[in-house]
Amino acid sequence: MADQKCYHCGDPCGRGGIHFDERDFCCNGCKTVYQIFTSNGLSTYYELEAKAGTAPLEVQRKYDFLDNPEIVERLLEFNEEGMQVVSLSIPTIHCSSCIWILENLGRLHPAIIHSQVDFPKKILRATYRTGDFSLKALVLLLGSIGYAPTISLKEFDKKDNRVDRSLIQRLGVAGFAFGNVMLLSFPEYFEAEEFWLDQYKWAFRWLIFAFSVPVLLYSAQPFFISAYKGLRSRVLNMDVPIALGILALFLRSAVDIILDLGSGFFDSLTGLVFFLLLGKFFQQQTYAHLSFERDYKSYFPMAVTRVREDGGEEEVQVYQVAPGERILVRNQEIIPMDCMLVEGSAEIDYSFVTGESDSVHKGRGEKLYAGGRQLGGVLEVEVLRSVSQSHLTQLWGNSVFSKDKASQFQSLTDSIGRRFTVAVLTIALASSLYWLLHSPAMAIHVFTSVLIIACPCAIALAAPFTLGNMLRIFGRHRLYLKNATVLERLAQVDTAIFDKTGTLTTTKKDTIYYEGVELSQRETDLLKTTLRGSNHPLSRSLYDILKSNAILTLDEFQEHTGKGVEGRMDSHSIKVGSASYVGRSSSGGERETEVYVSADENLKGRFVFHNSYREGLGQLFRTLDRDMRLGILSGDNDGERRALEKWLPLGTQMLFDQRPGDKLEYIKALGQEHKVLMVGDGLNDAGALAQSHVGIAVSENINVFSPACDGILDASRMTDLPEFIQLSRKAIKVIKISFILSLCYNIVGLSFAVTGRLEPVVAAILMPLSSISIVVFTTLATNYLGRRLKAGKT
Amino acid sequence: MIYILLAISITVAVIFFAAFVLSVRKGQFDDTYTPSVRMLFEDELVGEGQKAKGEPKIDQKKE
């Protein structure tokens with residue numbers, strides 16, 4: 001029984017398992033979902049993928065705000081004549097069964113006409129009839145089958161999120177033109193003297209010209225724009241020689257065919273643009289389901305329950321709540337703004353803000369800060385500041401968040417581009433000057449030839465293909481980087497700073513050990529039963545580790561918030577809680593998280609909670625220490641200092657009790673002299689992540705939680721971090737080798753151009769050849785390097 | 001003659017190109033993964049119907 005896996009979600013059933021319909025379920029929720037599915041003829045769900053489900057969470061009144069028509073209107077895509085269309089983000093979508101069930105929602109409720117899943121983005125788009133159905137009903141239905149959508153403040157602010165499809169269209173145009181131009185150029189390639197060609201060549205040439213015009217005007221547009229922007233800000237980026245080359249190609253070719261001098265270089269022109277766009281397309285690696293731009297808005301609720309003056313409750317949008325008003329905060333809800341506790345007992349988990357994992361108790365009249373999560377009962381609070389003015393959210397007012405790191409960073413390609421442009425222009429001018437003295441007619445010919453052949457197609461392709469491919473390889477090993485420049489930056493880091501809680505430690509479980517007189521079986525049973533009634537996070541963790549199977553019925557149960565719990569059965573009693581509650585002074589001033597237990601008013605002992613560290617940290621730090629400075633930046637207290645010293649090299653700087661703003665400032669100061677890699681996890685690291693050279697967020701579940709960052713690393717891959725950094729450095733080497741390779745091609749090409757012997761057919765062969773060989777080389781090289789990553793860790 | 005051939009070949013090319021642009025605009029390239037999974041579902045939906053659970057499924061033989 002104990003080893004049974006839930007038929008619905010695959011979690012171990014444990015003791016609380018339910019046997020139903022010859023199948024085992026881990027909880028009532030899963031059983032209910034199973035019932036819903038089978039009674040609606042949807043049991044195929046389980047045939048597509050075994051144990052595909054997700055246990056439904058308790059929804060309670062979380063979605064009450066969907067009763068407010070104003071909020072609903074903001075969420076809907078379409079709303080007319082009894083029909084509504086909505087797109088919901090559902091993070092639990094993970095397999096084909098999910099797609100199947102969500103696209104057959106109509107079976108569960110006849111009002112749902114159509115539903116479609118975008119799997120990579122984890123979005124469900126549903127069309128339904130209103131009347132006896134509503135958005136709230138839809139969301140509740142989804143919640144009841146384990147697919148609760150996330151509706152956060154961010155959805156409310158969302159702008160017009162039209163997809164940018166221009167790149168793929170430009171690529172299509174260029175590819176189409178490239179193919180046709182090549183075909184139409186064939187007669188010219190093979191024999192130019194034939195009679196029929198002479199007769200019809202103008203038709204072919206003008207057709208080719210017609211195909212090339214859209215390539216120049218539409219497909220090549222991004223290069224011209226980028227070159228223009230670069231020139232305006234006085235930077236010679238890689239797009240300058242490219243734009244020059246394209247322009248020279250087109251003008252020269254146009255003159256050629258107008259004056260009937262030759263067939264022009266239109267084949268090279270379209271091919272060049274096609275390959276360059278292909279590089280762009282390849283580099284544009286997107287992880288559609290991951291968001292690298294999240295700020296507090298993704299976590300904050302969209303609406304809150306406001307208490308009216310007359311005592312009634314209403315759901316309002318968070319932005320509409322003004323200081324002085326009263327709102328309700330329920331169990332597991334995040335407090336959206338700084339406020340003061342009026343009613344109820346608060347048990348706030350500030351791990352978002354400070355990284356401190358233990359919750360704090362707050363009494364009436366005390367201040368609660370935005371970003372805290374209430375654990376326990378309902379609170380009534382008075383708002384002190386509006387959302388954007390609150391303590392935590394002010395962090396996002398810092399200018400770091402409005403700056404784009406990529407635009408400040410000069411990539412390897414661009415820095416080469418500058419020298420390249422200068423060199424090309426020098427050669428072009430020098431050679432045309434030479435020809436001007438000897439044979440003036442050739443001068444303009446040579447000048448354009450140099451610009452054409454020196455167009456750095458291969459160089460421009462080296463970086464996108466190497467980085468793009470490396471990005472993909474990293475993605476397969478669960479390090480998801482935002483874009484290619486992050487990879488280049490990662491290769492430069494010389495300092496690594498780690499957050500502690502949630503980054504070095506796992507958030508999944510604490511290690512708990514017991515000190516004191518051993519508890520008898522009966523006492524353990526009683527203790528476990530008592531803890532069952534308590535919602536305190538420590539009680540819950542303790543409950544999970546205690547070995548006891550008995551379920552007793554307590555005669556008396558009392559929870560003293562902030563102190564402890566007491567359970568009484570027959571003539572025995574048990575008390576769990578803080579030292580003073582159990583009747584004892586805390587042992588020493590050590591900053592440990594501890595819970596004392598007494599049975600029948602006799603102190604038995606204490607449970608000590610330790611953060612449990614991820615495996616392989618020692619190895620990780622040792623490897624990194626070889627060529628990097630290390631540091632710890634924690635929002636927690638320094639209770640774990642000694643534990644950390646075990647792993648870290650001597651003299652490593654460790655800072656504790658750091659507030660989010662402090663972290664940002666520290667990284668800023670460090671960034672003056674070093675290239676800092678910041679590894680963090682929570683919102684409290686958001687500032688530091690944004691400020692650092694590369695900010696990587698570690699996450700247990702990459703789909704759910706990660707602050708704004710440059711990359712998201714799956715927690716299980718934490719120990720591979722040094723390997724990833726090594727690989728990014730190697731990728732840069734690959735790019736440099738490709739540069740040398742393509743320079744060789746350029747020298748060959750230039751020797752043709754300078755001597756004035758550049759035939760269109762030479763360009764047509766040389767340019768694709770160099771591009772393709774570079775692409776092949778970089779792809780093979782990165783794949784070879786990537787294989788080593790897999791070999792190192794399986 | 002050659003003009004007719006050229007005209008035909010280019011017309012065909014342009015038709016396909018237009019089809020491509022149209023499909024991009026309609027968003028067919030936005031999600032290139034889900035349809036590949038969805039396509040495999042059709043059979044199960046038709047075959048199962050609203051039959052009571054436990055009845056033998058006929059459509060499984062088709063595979």
# chains A, B, ... in the order shown; residues from 1 in each chain; ligands from 1
>>> closest_atom_pairs(of="chain A", to="chain B", cutoff="8 Å", atoms="only C-alpha atoms", output="JSON lines")
{"residue": "A:Thr38", "atom": "CA", "partner": "B:Lys53", "partner_atom": "CA", "distance": 7.0}
{"residue": "A:Ser39", "atom": "CA", "partner": "B:Lys53", "partner_atom": "CA", "distance": 7.6}
{"residue": "A:Asn40", "atom": "CA", "partner": "B:Gln50", "partner_atom": "CA", "distance": 7.1}
{"residue": "A:Gly41", "atom": "CA", "partner": "B:Gln50", "partner_atom": "CA", "distance": 5.5}
{"residue": "A:Thr44", "atom": "CA", "partner": "B:Glu44", "partner_atom": "CA", "distance": 7.1}
{"residue": "A:Ser96", "atom": "CA", "partner": "B:Val37", "partner_atom": "CA", "distance": 6.6}
{"residue": "A:Ile99", "atom": "CA", "partner": "B:Arg38", "partner_atom": "CA", "distance": 7.4}
{"residue": "A:Trp100", "atom": "CA", "partner": "B:Phe41", "partner_atom": "CA", "distance": 7.0}
{"residue": "A:Val117", "atom": "CA", "partner": "B:Thr34", "partner_atom": "CA", "distance": 7.1}
{"residue": "A:Asp118", "atom": "CA", "partner": "B:Thr34", "partner_atom": "CA", "distance": 6.1}
{"residue": "A:Phe119", "atom": "CA", "partner": "B:Thr34", "partner_atom": "CA", "distance": 5.4}
{"residue": "A:Pro120", "atom": "CA", "partner": "B:Tyr33", "partner_atom": "CA", "distance": 6.9}
{"residue": "A:Val163", "atom": "CA", "partner": "B:Asp30", "partner_atom": "CA", "distance": 8.0}
{"residue": "A:Arg165", "atom": "CA", "partner": "B:Val24", "partner_atom": "CA", "distance": 7.2}
{"residue": "A:Ile168", "atom": "CA", "partner": "B:Val24", "partner_atom": "CA", "distance": 7.8}
{"residue": "A:Gln169", "atom": "CA", "partner": "B:Val21", "partner_atom": "CA", "distance": 6.6}
{"residue": "A:Gly172", "atom": "CA", "partner": "B:Val21", "partner_atom": "CA", "distance": 7.7}
{"residue": "A:Val173", "atom": "CA", "partner": "B:Phe17", "partner_atom": "CA", "distance": 7.9}
{"residue": "A:Phe176", "atom": "CA", "partner": "B:Phe17", "partner_atom": "CA", "distance": 7.1}
>>> write_last_selection(atoms="C-alpha atoms", output="PDB file, in the first residue's frame")
ATOM      1  CA  THR A  38     -14.470   8.852 -16.295  1.00  0.00           C
ATOM      2  CA  SER A  39     -18.083   9.849 -15.867  1.00  0.00           C
ATOM      3  CA  ASN A  40     -17.744  12.160 -18.870  1.00  0.00           C
ATOM      4  CA  GLY A  41     -16.210   9.548 -21.102  1.00  0.00           C
ATOM      5  CA  THR A  44      -8.618   8.243 -22.557  1.00  0.00           C
ATOM      6  CA  SER A  96      -0.108  15.171 -24.292  1.00  0.00           C
ATOM      7  CA  ILE A  99      -3.535  18.907 -24.325  1.00  0.00           C
ATOM      8  CA  TRP A 100      -6.157  16.268 -24.875  1.00  0.00           C
ATOM      9  CA  VAL A 117      -3.849  24.666 -26.258  1.00  0.00           C
ATOM     10  CA  ASP A 118      -0.597  26.314 -27.201  1.00  0.00           C
ATOM     11  CA  PHE A 119       1.723  23.798 -25.615  1.00  0.00           C
ATOM     12  CA  PRO A 120       5.079  25.613 -25.820  1.00  0.00           C
ATOM     13  CA  VAL A 163       3.461  38.259 -32.123  1.00  0.00           C
ATOM     14  CA  ARG A 165       6.335  37.425 -37.303  1.00  0.00           C
ATOM     15  CA  ILE A 168      10.040  34.635 -40.640  1.00  0.00           C
ATOM     16  CA  GLN A 169       8.360  36.661 -43.387  1.00  0.00           C
ATOM     17  CA  GLY A 172      10.522  33.687 -46.612  1.00  0.00           C
ATOM     18  CA  VAL A 173      10.862  36.556 -49.050  1.00  0.00           C
ATOM     19  CA  PHE A 176      11.900  32.681 -52.312  1.00  0.00           C
TER      20      PHE A 176
END
>>> closest_residue(among="A:Arg107, A:Arg252, A:Arg788, A:Lys121", to="A:Phe474", atoms="only C-alpha atoms")
A:Arg788
>>> atom_distance(atom1="atom CA of A:Ala174", atom2="atom CA of A:Glu759")
22.6 Å
>>> residues_around(residues="stretch 133-139 of chain A", least_positions_apart="2", cutoff="8 Å", atoms="only C-alpha atoms", output="PyMOL selection string")
chain A and resi 63-64+66-67+72+111+128-131+141-143+148-149
>>> residues_around(residues="A:Asp627", least_positions_apart="5", cutoff="10 Å", atoms="only C-alpha atoms", output="PyMOL selection string")
chain A and resi 493-495+622
>>> closest_residue(among="A:Leu467, A:Ile574, A:Met678, A:Met569", to="A:Lys730", atoms="only C-alpha atoms")
A:Leu467
>>> atom_distance(atom1="atom CA of A:Ala322", atom2="atom CA of A:Met302")
14.9 Å
>>> residues_around(residues="A:Ser89", least_positions_apart="3", cutoff="7 Å", atoms="only C-alpha atoms", output="count of residues only")
5
>>> atom_distance(atom1="atom CA of A:Asp164", atom2="atom CA of A:Asp239")
21.3 Å
>>> residues_around(residues="A:Leu244", least_positions_apart="6", cutoff="12 Å", atoms="only C-alpha atoms", output="list in words")
Leu216, Ala220, Phe223, Phe224, Ala227, Tyr228, Leu236, Asn237, Met238, Phe250, Leu251, Arg252, Leu269, Thr421, Val424, Leu425, Ala428, Phe447, Thr448, Ser449, Val450, Leu451, Ile452, Ile453, Ala454, Cys455, Pro456 and Cys457 of chain A
>>> residues_around(residues="A:Leu743", least_positions_apart="6", cutoff="10 Å", atoms="only C-alpha atoms", output="CSV table (one decimal) with C-alpha atoms, in the first residue's frame")
chain,number,residue,atom,x,y,z
A,420,PHE,CA,36.8,45.0,-40.2
A,454,ALA,CA,34.5,41.6,-48.4
A,456,PRO,CA,31.4,39.8,-43.9
A,458,ALA,CA,30.7,34.3,-42.9
A,459,ILE,CA,31.9,36.4,-40.0
A,737,ILE,CA,38.5,30.2,-35.1
A,749,GLY,CA,38.1,36.8,-52.6
A,770,SER,CA,32.2,30.4,-47.2
>>> select_by_dssp(residues="stretch 662-720 of chain A", states="alpha helix (DSSP H)", output="ChimeraX atom specification")
/A:662-671,686-691
>>> select_by_dssp(residues="stretch 357-601 of chain A", states="strand (DSSP E)", output="ChimeraX atom specification")
/A:360-362,367-368,373-374,379-383,479-481,495-498,505-516,556-560,564-569,572-577,593-599
